[in-house]
>>> print(open('structure_13.cif').read())   # mmCIF, C-alpha atoms
data_upload
loop_
_atom_site.label_atom_id
_atom_site.label_comp_id
_atom_site.auth_asym_id
_atom_site.auth_seq_id
_atom_site.Cartn_x
_atom_site.Cartn_y
_atom_site.Cartn_z
CA MET A 1 36.95 7.09 -11.50
CA SER A 2 35.71 8.97 -8.45
CA GLU A 3 32.88 7.52 -6.34
CA GLU A 4 30.72 10.61 -7.02
CA LEU A 5 31.15 10.30 -10.80
CA PHE A 6 30.42 6.57 -10.62
CA GLU A 7 27.15 7.24 -8.78
CA GLN A 8 26.17 9.83 -11.39
CA LEU A 9 26.80 7.36 -14.21
CA GLU A 10 25.01 4.60 -12.32
CA PHE A 11 21.85 6.66 -11.82
CA VAL A 12 19.20 6.31 -14.52
CA GLU A 13 16.09 8.44 -14.37
CA ASN A 14 12.90 6.42 -14.03
CA PRO A 15 9.91 8.21 -15.67
CA LEU A 16 7.34 6.26 -13.63
CA PHE A 17 9.02 7.05 -10.32
CA GLU A 18 9.49 10.66 -11.38
CA SER A 19 5.74 10.96 -12.03
CA ILE A 20 5.05 9.54 -8.56
CA ILE A 21 7.39 12.12 -7.03
CA ASP A 22 5.71 14.94 -8.98
CA ASP A 23 2.30 13.77 -7.77
CA LEU A 24 3.42 13.59 -4.15
CA LEU A 25 4.89 17.08 -4.33
CA THR A 26 1.82 18.64 -5.94
CA LYS A 27 -1.07 16.55 -4.58
CA GLN A 28 0.36 14.55 -1.65
CA PHE A 29 -0.84 11.34 -3.33
CA SER A 30 -0.22 9.33 -6.49
CA ILE A 31 -2.38 6.75 -8.27
CA VAL A 32 -0.44 4.43 -10.56
CA ASP A 33 -2.27 1.98 -12.80
CA ASN A 34 -0.48 -1.22 -13.83
CA PHE A 35 2.36 -0.71 -11.35
CA PHE A 36 2.17 -4.50 -11.24
CA THR A 37 1.35 -6.38 -14.45
CA SER A 38 -1.66 -8.68 -14.69
CA GLU A 39 0.68 -11.68 -14.48
CA GLU A 40 2.32 -10.31 -11.33
CA VAL A 41 -1.07 -9.58 -9.79
CA GLU A 42 -2.15 -13.15 -10.47
CA VAL A 43 0.94 -14.53 -8.72
CA LEU A 44 0.47 -12.23 -5.71
CA ARG A 45 -3.27 -12.95 -5.49
CA HIS A 46 -2.57 -16.69 -5.49
CA SER A 47 -0.09 -16.20 -2.63
CA LEU A 48 -2.60 -14.18 -0.64
CA LEU A 49 -5.48 -16.60 -1.16
CA ALA A 50 -3.40 -19.68 -0.35
CA LYS A 51 -2.49 -18.19 3.03
CA TYR A 52 -6.02 -16.91 3.64
CA GLU A 53 -7.52 -20.34 2.92
CA ALA A 54 -4.93 -21.88 5.26
CA ASP A 55 -6.51 -19.73 8.02
CA ARG A 56 -3.32 -17.78 8.67
CA PHE A 57 -4.98 -14.36 8.70
CA LYS A 58 -6.21 -12.64 11.85
CA LYS A 59 -8.82 -10.00 12.56
CA SER A 60 -7.35 -6.55 12.09
CA ALA A 61 -7.03 -4.10 14.96
CA ILE A 62 -6.85 -0.33 15.36
CA GLY A 63 -3.85 1.35 16.94
CA ASN A 64 -0.29 0.14 16.64
CA ARG A 65 1.19 -2.98 18.15
CA THR A 66 1.70 -1.42 21.57
CA ASN A 67 -1.94 -0.43 22.08
CA GLU A 68 -3.98 -2.27 19.46
CA GLU A 69 -7.61 -3.25 19.92
CA ILE A 70 -10.21 -4.88 17.71
CA ASP A 71 -13.26 -2.75 16.87
CA LYS A 72 -15.51 -4.06 14.10
CA THR A 73 -17.45 -0.78 14.04
CA ILE A 74 -14.32 0.96 12.75
CA ARG A 75 -12.46 -1.68 10.77
CA GLY A 76 -13.48 -5.07 9.39
CA ASP A 77 -10.61 -6.51 7.36
CA PHE A 78 -8.44 -9.56 8.03
CA ILE A 79 -4.67 -9.23 7.70
CA LEU A 80 -1.44 -11.21 7.57
CA TRP A 81 1.89 -9.43 8.05
CA MET A 82 4.50 -10.08 5.38
CA ASP A 83 8.07 -11.04 6.31
CA GLU A 84 10.60 -10.07 3.64
CA LYS A 85 13.29 -12.25 5.19
CA ASN A 86 11.09 -15.32 4.77
CA ALA A 87 9.29 -14.26 1.60
CA ASN A 88 8.04 -16.72 -0.98
CA GLU A 89 8.66 -16.21 -4.69
CA ALA A 90 5.60 -13.99 -5.16
CA GLU A 91 6.49 -11.82 -2.18
CA LEU A 92 10.09 -11.44 -3.38
CA LEU A 93 8.65 -10.09 -6.63
CA PHE A 94 6.58 -7.57 -4.65
CA PHE A 95 9.42 -6.45 -2.40
CA GLY A 96 11.78 -6.21 -5.36
CA LYS A 97 9.65 -3.53 -6.99
CA ILE A 98 8.98 -1.73 -3.72
CA ASN A 99 12.67 -1.66 -2.83
CA GLU A 100 13.45 -0.25 -6.25
CA LEU A 101 10.98 2.57 -5.57
CA VAL A 102 12.33 3.18 -2.05
CA ASN A 103 15.92 3.36 -3.28
CA TYR A 104 14.92 5.83 -5.95
CA LEU A 105 13.00 8.03 -3.50
CA ASN A 106 15.90 8.05 -1.06
CA LYS A 107 18.41 8.86 -3.77
CA THR A 108 16.42 11.63 -5.45
CA CYS A 109 14.33 13.09 -2.63
CA PHE A 110 16.44 12.26 0.42
CA LEU A 111 13.39 10.95 2.27
CA GLY A 112 15.42 8.83 4.65
CA ILE A 113 13.15 5.80 4.38
CA LEU A 114 14.85 3.14 6.48
CA GLN A 115 12.05 0.68 7.20
CA LYS A 116 8.92 -0.69 5.62
CA GLU A 117 6.06 -2.85 6.81
CA PHE A 118 3.42 -4.55 4.68
CA HIS A 119 0.54 -6.93 5.19
CA TYR A 120 -1.97 -8.78 3.06
CA ALA A 121 -5.53 -7.55 3.58
CA VAL A 122 -8.87 -9.18 2.85
CA TYR A 123 -12.13 -7.25 3.19
CA PRO A 124 -15.07 -9.68 3.13
CA LYS A 125 -18.48 -8.53 1.89
CA GLY A 126 -20.01 -5.98 4.24
CA THR A 127 -16.72 -4.77 5.77
CA PHE A 128 -15.10 -1.34 5.68
CA TYR A 129 -12.53 0.89 7.40
CA LYS A 130 -13.78 4.24 8.67
CA ARG A 131 -12.04 7.54 8.02
CA HIS A 132 -8.63 7.73 9.70
CA LEU A 133 -5.03 8.90 9.51
CA ASP A 134 -2.10 6.47 9.19
CA THR A 135 -0.10 7.76 12.14
CA PHE A 136 -0.09 7.30 15.90
CA GLN A 137 0.42 9.58 18.88
CA ASN A 138 3.22 7.34 20.14
CA ASP A 139 4.80 6.61 16.73
CA ASP A 140 5.13 9.06 13.82
CA ARG A 141 7.64 7.16 11.68
CA ARG A 142 5.22 6.40 8.84
CA LYS A 143 6.06 8.70 5.93
CA LEU A 144 4.21 7.18 2.95
CA SER A 145 1.26 4.81 2.83
CA LEU A 146 1.06 2.36 -0.06
CA VAL A 147 -1.79 0.12 -1.22
CA CYS A 148 -1.54 -2.45 -4.00
CA TYR A 149 -4.78 -4.02 -5.24
CA LEU A 150 -4.98 -7.71 -6.11
CA ASN A 151 -8.62 -8.05 -7.16
CA GLU A 152 -9.70 -9.90 -10.27
CA GLU A 153 -10.03 -8.05 -13.57
CA GLY A 154 -13.13 -5.97 -14.13
CA TRP A 155 -13.87 -4.93 -10.54
CA PRO A 156 -17.09 -2.88 -11.04
CA ARG A 157 -18.01 0.21 -9.04
CA GLU A 158 -21.06 -1.67 -7.74
CA ASN A 159 -18.71 -3.92 -5.75
CA GLY A 160 -17.79 -0.98 -3.53
CA GLY A 161 -14.58 -1.07 -1.52
CA GLU A 162 -13.33 2.25 -2.89
CA LEU A 163 -10.46 4.00 -1.14
CA THR A 164 -11.66 7.52 -0.41
CA ILE A 165 -8.87 10.07 0.02
CA TYR A 166 -9.83 13.36 1.66
CA THR A 167 -7.91 16.31 0.30
CA GLU A 168 -8.44 20.06 0.73
CA LYS A 169 -9.86 20.26 -2.79
CA GLU A 170 -11.99 17.11 -3.04
CA ASP A 171 -13.01 13.73 -1.70
CA LEU A 172 -11.50 11.30 -4.19
CA ASP A 173 -12.93 7.78 -4.62
CA VAL A 174 -10.37 5.31 -5.97
CA LEU A 175 -11.55 1.96 -7.31
CA PRO A 176 -9.44 -1.04 -6.18
CA LEU A 177 -8.47 -2.14 -9.68
CA PRO A 178 -5.91 -4.96 -10.03
CA GLY A 179 -2.32 -3.79 -10.38
CA ARG A 180 -3.21 -0.28 -9.27
CA VAL A 181 -1.00 1.20 -6.55
CA VAL A 182 -1.96 4.22 -4.45
CA ILE A 183 0.73 6.12 -2.52
CA PHE A 184 -0.01 9.02 -0.19
CA GLU A 185 1.34 11.05 2.72
CA SER A 186 0.66 9.03 5.87
CA GLN A 187 0.58 11.93 8.30
CA ILE A 188 -1.43 14.34 6.16
CA LEU A 189 -4.24 12.67 4.19
CA GLU A 190 -7.20 11.10 5.96
CA HIS A 191 -8.82 8.23 4.08
CA GLU A 192 -11.25 5.36 4.41
CA VAL A 193 -12.30 2.12 2.74
CA LYS A 194 -15.95 2.16 1.70
CA VAL A 195 -18.20 -0.84 2.34
CA VAL A 196 -17.42 -3.86 0.18
CA LYS A 197 -20.75 -4.82 -1.40
CA ALA A 198 -19.80 -7.96 -3.28
CA SER A 199 -16.99 -10.48 -3.51
CA GLU A 200 -13.83 -10.01 -1.40
CA ARG A 201 -11.51 -7.03 -1.69
CA LEU A 202 -7.85 -8.12 -1.82
CA SER A 203 -4.78 -5.96 -1.37
CA ILE A 204 -1.33 -5.50 0.06
CA THR A 205 -1.12 -2.48 2.34
CA GLY A 206 1.89 -0.96 4.04
CA TRP A 207 4.05 1.96 5.02
CA LEU A 208 7.45 3.38 4.21
CA LYS A 209 8.96 4.60 7.45
CA THR A 210 11.68 7.01 8.52
CA ARG A 211 13.86 6.68 11.60
#
>>> encode(input="structure_13.cif", output="structure tokens")
Amino acid sequence: MSEELFEQLEFVENPLFESIIDDLLTKQFSIVDNFFTSEEVEVLRHSLLAKYEADRFKKSAIGNRTNEEIDKTIRGDFILWMDEKNANEAELLFFGKINELVNYLNKTCFLGILQKEFHYAVYPKGTFYKRHLDTFQNDDRRKLSLVCYLNEEGWPRENGGELTIYTEKEDLDVLPLPGRVVIFESQILEHEVKVVKASERLSITGWLKTR
């Protein structure tokens, strides 16, 4: 059997991933509910909170790692970078699904995603992240931005913390519902996190990067 024929037989179309691709092509963003099950969200939330309570998070900064600075008037979350090589069981679950998506995107869309970076994020009450673009003047490798929400069930609109995506057609407010994943073009769509009015807003945020 030839290698090309083997790859064709090995490939199985994934309807969920295909819908994400269609969304990205037509809207430059995709909102996927229940990308992670409620059980998976619970495991990931427990991992996040255990590390947050152990005081392992740090105040977030703006800019990339070569010119970062802390500015509470722009961004107020606390973050902890995730290390896939030293991942715990919950994080392996997360990276397993993300890698499956990345492999599919590379195989079907030839995106050339070679790297990824993710961090836990906690937005305490009263914090926000002003409108911005997920790219830097000295680093344009980010291709897709991805946010996975780990809040408890029943997050009401009154809690705030919406992700607002600014498109040519509309300003779209996305509630941070548990298990929901939002994927969008890093270098095209500006966005912001609205003020968190109650509780703490929990998520995993990251980027799929090209060479």
>>> resolve_selection(input="structure_13.cif", expression="the PyMOL selection byres ((chain A and resi 115-129) around 9)", output="NGL selection string")
:A and (48 or 52 or 57 or 60 or 72-83 or 113-114 or 130-132 or 142 or 146 or 159 or 161 or 191-211)
>>> residues_around(input="structure_13.cif", residues="region 84-98 of chain A", least_positions_apart="6", cutoff="7 Å", atoms="only C-alpha atoms", output="list in words")
Val43, Leu44 and Ser47 of chain A
>>> closest_residue(input="structure_13.cif", among="A:Ala50, A:Leu177, A:Val41, A:Ile31", to="Ser19 (chain A)", atoms="only C-alpha atoms")
A:Ile31
>>> residues_around(input="structure_13.cif", residues="Lys27 (chain A)", least_positions_apart="6", cutoff="12 Å", atoms="only C-alpha atoms", output="ChimeraX atom specification")
/A:19-21,165-170,172,183-185,188-189
>>> write_last_selection(input="structure_13.cif", atoms="C-alpha atoms", output="mmCIF file, in the coordinates of the input")
data_model
loop_
_atom_site.group_PDB
_atom_site.id
_atom_site.type_symbol
_atom_site.label_atom_id
_atom_site.label_comp_id
_atom_site.auth_asym_id
_atom_site.auth_seq_id
_atom_site.Cartn_x
_atom_site.Cartn_y
_atom_site.Cartn_z
ATOM 1 C CA SER A 19 5.740 10.960 -12.030
ATOM 2 C CA ILE A 20 5.050 9.540 -8.560
ATOM 3 C CA ILE A 21 7.390 12.120 -7.030
ATOM 4 C CA ILE A 165 -8.870 10.070 0.020
ATOM 5 C CA TYR A 166 -9.830 13.360 1.660
ATOM 6 C CA THR A 167 -7.910 16.310 0.300
ATOM 7 C CA GLU A 168 -8.440 20.060 0.730
ATOM 8 C CA LYS A 169 -9.860 20.260 -2.790
ATOM 9 C CA GLU A 170 -11.990 17.110 -3.040
ATOM 10 C CA LEU A 172 -11.500 11.300 -4.190
ATOM 11 C CA ILE A 183 0.730 6.120 -2.520
ATOM 12 C CA PHE A 184 -0.010 9.020 -0.190
ATOM 13 C CA GLU A 185 1.340 11.050 2.720
ATOM 14 C CA ILE A 188 -1.430 14.340 6.160
ATOM 15 C CA LEU A 189 -4.240 12.670 4.190
#
>>> atom_distance(input="structure_13.cif", atom1="CA of Val102 (chain A)", atom2="CA of Asn151 (chain A)")
24.3 Å
>>> atom_distance(input="structure_13.cif", atom1="CA of Tyr104 (chain A)", atom2="CA of Phe36 (chain A)")
17.2 Å
>>> residues_around(input="structure_13.cif", residues="region 174-176 of chain A", least_positions_apart="3", cutoff="6 Å", atoms="all atoms listed in the file", output="VMD selection string")
chain A and resid 149 162 to 163
>>> atom_distance(input="structure_13.cif", atom1="CA of Val182 (chain A)", atom2="CA of Asp55 (chain A)")
27.4 Å
>>> decode(input="structure_13.cif", residues="region 97-110 of chain A", atoms="N, CA and C atoms", output="compact mmCIF listing (two decimals), in the first residue's frame")
# COMPACT_ATOMS: atom_id res chain seq x y z
N LYS A 97 -6.94 17.31 23.22
CA LYS A 97 -7.98 17.80 22.32
C LYS A 97 -7.46 18.91 21.41
N ILE A 98 -6.63 19.79 21.97
CA ILE A 98 -6.08 20.88 21.17
C ILE A 98 -5.17 20.34 20.08
N ASN A 99 -4.34 19.37 20.41
CA ASN A 99 -3.44 18.78 19.41
C ASN A 99 -4.22 18.09 18.30
N GLU A 100 -5.33 17.47 18.67
CA GLU A 100 -6.18 16.83 17.67
C GLU A 100 -6.70 17.88 16.68
N LEU A 101 -7.12 19.03 17.22
CA LEU A 101 -7.59 20.12 16.36
C LEU A 101 -6.46 20.65 15.48
N VAL A 102 -5.30 20.88 16.07
CA VAL A 102 -4.15 21.42 15.32
C VAL A 102 -3.77 20.48 14.18
N ASN A 103 -3.69 19.19 14.47
CA ASN A 103 -3.33 18.22 13.44
C ASN A 103 -4.33 18.23 12.29
N TYR A 104 -5.59 18.38 12.64
CA TYR A 104 -6.64 18.40 11.63
C TYR A 104 -6.52 19.66 10.76
N LEU A 105 -6.30 20.81 11.41
CA LEU A 105 -6.16 22.07 10.68
C LEU A 105 -4.96 22.02 9.74
N ASN A 106 -3.86 21.48 10.22
CA ASN A 106 -2.66 21.40 9.39
C ASN A 106 -2.86 20.45 8.21
N LYS A 107 -3.58 19.38 8.45
CA LYS A 107 -3.76 18.38 7.40
C LYS A 107 -4.76 18.84 6.34
N THR A 108 -5.79 19.57 6.76
CA THR A 108 -6.85 19.96 5.82
C THR A 108 -6.67 21.35 5.25
N CYS A 109 -6.08 22.25 6.04
CA CYS A 109 -5.97 23.65 5.62
C CYS A 109 -4.54 24.11 5.38
N PHE A 110 -3.59 23.24 5.67
CA PHE A 110 -2.18 23.55 5.47
C PHE A 110 -1.79 24.87 6.16
